[in-house]
Amino acid sequence: MLVFDPAWLPEEVEEIRQYVDRIRGTRHLFLLFTHSDYDHIIGYGAFKPDKVFMSKAMAENPDREQCVENCLAFDEQYYIQRPYPIEYPKGDFLVFRDGVQYRYGNTKMSFYLTPGHTADSMMVIVWQLGLCIAGDYLCNCEFPFIYHSSVEYEQTLEKLPRIHDRNWFTRMVPGHGDPALNINDWLKRRTESQAYLFALRESIATGVPFDEASLWARYKFPRLQRKYHLDNIALMTREYEQGLWKWDPDFELTSPTLQESYIADIPIVETDEEG
Ligand SMILES: [Zn+2]
């Protein structure tokens with residue numbers, strides 16, 4: 001049995017744990033973490049897994065104490081007490097490069113490092129189920145939250161079609177929001193993420209205002225997410241000043257309409273295209 005990032009209110013974690021116990025039988029329990037953000041590790045202590053999977057970078061995360069601290073701060077903010085301890089996950093299987101595979105019985109998984117959101121993010125493909133567990137990428141309710149590096153975030157997005165071609169997953173489950181149930185759905189999310197990234201770069205490099213209204217027309221949670229948008233601007237401005245990326249005005253996305261939608265003084269072109 002595979003359990004990914006179990007979260008996050010105590011009753012929800014307990015529900016997952018009971019479900020696992022109910023149907024597990026004599027099977028092994030594998031716990032997998034896509035990255036070390038607190039909302040993904042907060043349920044760790046409720047399980048007794050046979051094996052824990054994570055990236056090597058997550059196992060060696062120098063800020064692991066801060067991750068635990070963030071869990072505790074969340075619980076205290078909402079007066080939450082849990083029947084299990086909050087701990088940083090201990091890994092048994094550590095992914096250190098792309099394409100690493102793990103086979104056990106009829107289960108085959110492959111792992112890919114996907115830094116950008118955090119330095120320690122990874123994706124997991126479960127072959128028999130045609131499933132890609134994406135971590136905090138391609139969420140339909142979130143534009144890219146870039147805590148680590150916009151350059152690596154971009155490379156992770158570029159890598160996705162290659163991961164798909166080698167593994168043929170049909171469904172993609174992100175860390176937040178709805179699963180993408182077909183290739184067009186996750187490709188569209190990927191284009192939207194790229195569009196956001198490049199529009200932000202253009203805005204930072206050229207001073208053209210970024211059209212926040214368009215952002216909030218697409219993503220519906222500005223009271224929460226504006227902070228993440230402003231943090232992205234701060235991080236990418238620092239990157240720009242350090243010369244980590246350059247703006248190429250001739251750059252074109254495969255879907256230019258999306259790229260233009262966040263830049264204020266370019267009119268949005270409506271298309272009639274279907275499908
Ligand atoms: Zn995250």
# chains A, B, ... in the order shown; residues from 1 in each chain; ligands from 1
call {"tool": "residues_near_ligand", "arguments": {"ligand": "ligand 1", "cutoff": "8 Å", "atoms": "only C-alpha atoms and all ligand atoms", "output": "PDB file with C-alpha atoms, in the first residue's frame"}}
result
ATOM      1  CA  HIS A  35       8.732  17.348  -0.358  1.00  0.00           C
ATOM      2  CA  SER A  36       9.269  18.649   3.167  1.00  0.00           C
ATOM      3  CA  ASP A  37       6.712  21.501   3.378  1.00  0.00           C
ATOM      4  CA  TYR A  38       4.915  21.236   6.697  1.00  0.00           C
ATOM      5  CA  ASP A  39       1.499  20.543   5.208  1.00  0.00           C
ATOM      6  CA  HIS A  40       2.934  17.419   3.556  1.00  0.00           C
ATOM      7  CA  HIS A 117       8.949  24.800  -5.562  1.00  0.00           C
ATOM      8  CA  THR A 118      11.321  23.554  -2.851  1.00  0.00           C
ATOM      9  CA  GLY A 135       3.766  17.248  -5.286  1.00  0.00           C
ATOM     10  CA  ASP A 136       3.081  20.986  -5.361  1.00  0.00           C
ATOM     11  CA  PHE A 145       4.645  28.983  -5.472  1.00  0.00           C
ATOM     12  CA  GLY A 175      -0.564  18.294  -3.837  1.00  0.00           C
TER      13      GLY A 175
END
call {"tool": "residues_around", "arguments": {"residues": "Glu87 (chain A)", "least_positions_apart": "3", "cutoff": "9 Å", "atoms": "only C-alpha atoms", "output": "PyMOL selection string"}}
result
chain A and resi 41-45+68+90
call {"tool": "write_last_selection", "arguments": {"atoms": "N, CA, C and O atoms", "output": "short mmCIF file (atom, residue, chain, number, x, y, z; two decimals), in the first residue's frame"}}
result
data_model
loop_
_atom_site.label_atom_id
_atom_site.label_comp_id
_atom_site.auth_asym_id
_atom_site.auth_seq_id
_atom_site.Cartn_x
_atom_site.Cartn_y
_atom_site.Cartn_z
N ILE A 41 4.12 16.86 5.62
CA ILE A 41 4.76 15.92 6.56
C ILE A 41 4.01 15.81 7.88
O ILE A 41 4.36 15.00 8.73
N ILE A 42 2.94 16.61 8.03
CA ILE A 42 2.31 16.75 9.35
C ILE A 42 1.66 15.45 9.84
O ILE A 42 1.46 15.26 11.03
N GLY A 43 1.35 14.51 8.92
CA GLY A 43 0.70 13.26 9.33
C GLY A 43 1.66 12.10 9.54
O GLY A 43 1.24 10.99 9.89
N TYR A 44 2.94 12.35 9.33
CA TYR A 44 3.95 11.28 9.35
C TYR A 44 3.87 10.40 10.60
O TYR A 44 3.87 9.17 10.53
N GLY A 45 3.79 11.04 11.77
CA GLY A 45 3.88 10.31 13.04
C GLY A 45 2.71 9.37 13.30
O GLY A 45 2.77 8.54 14.20
N VAL A 68 9.27 21.20 11.12
CA VAL A 68 8.55 20.72 12.30
C VAL A 68 7.94 21.90 13.04
O VAL A 68 6.78 21.86 13.48
N LYS A 90 11.79 10.19 8.68
CA LYS A 90 13.08 9.54 8.46
C LYS A 90 12.97 8.67 7.21
O LYS A 90 12.10 7.81 7.11
#
call {"tool": "residues_around", "arguments": {"residues": "Tyr219 (chain A)", "least_positions_apart": "5", "cutoff": "12 Å", "atoms": "only C-alpha atoms", "output": "list in words"}}
result
Cys139, Asn140, Cys141, Glu142, Phe143, Pro144, Gly177, Arg189, Glu192, Ser193, Tyr196, Glu212, Ala213, Ser214, Leu224, Gln225, Arg226 and His229 of chain A
call {"tool": "closest_residue", "arguments": {"among": "A:Leu187, A:Ile80, A:Ala119, A:Ile204", "to": "His148 (chain A)", "atoms": "only C-alpha atoms"}}
result
A:Ala119
call {"tool": "residues_around", "arguments": {"residues": "Tyr104 (chain A)", "least_positions_apart": "5", "cutoff": "12 Å", "atoms": "only C-alpha atoms", "output": "list of chain:residue names"}}
result
A:Met1, A:Leu2, A:Arg27, A:His28, A:Leu29, A:Phe30, A:Lys51, A:Met109, A:Ser110, A:Val126, A:Trp127, A:Gln128
call {"tool": "closest_residue", "arguments": {"among": "A:Tyr112, A:Trp245, A:Tyr19, A:Phe169", "to": "Arg97 (chain A)", "atoms": "only C-alpha atoms"}}
result
A:Tyr112
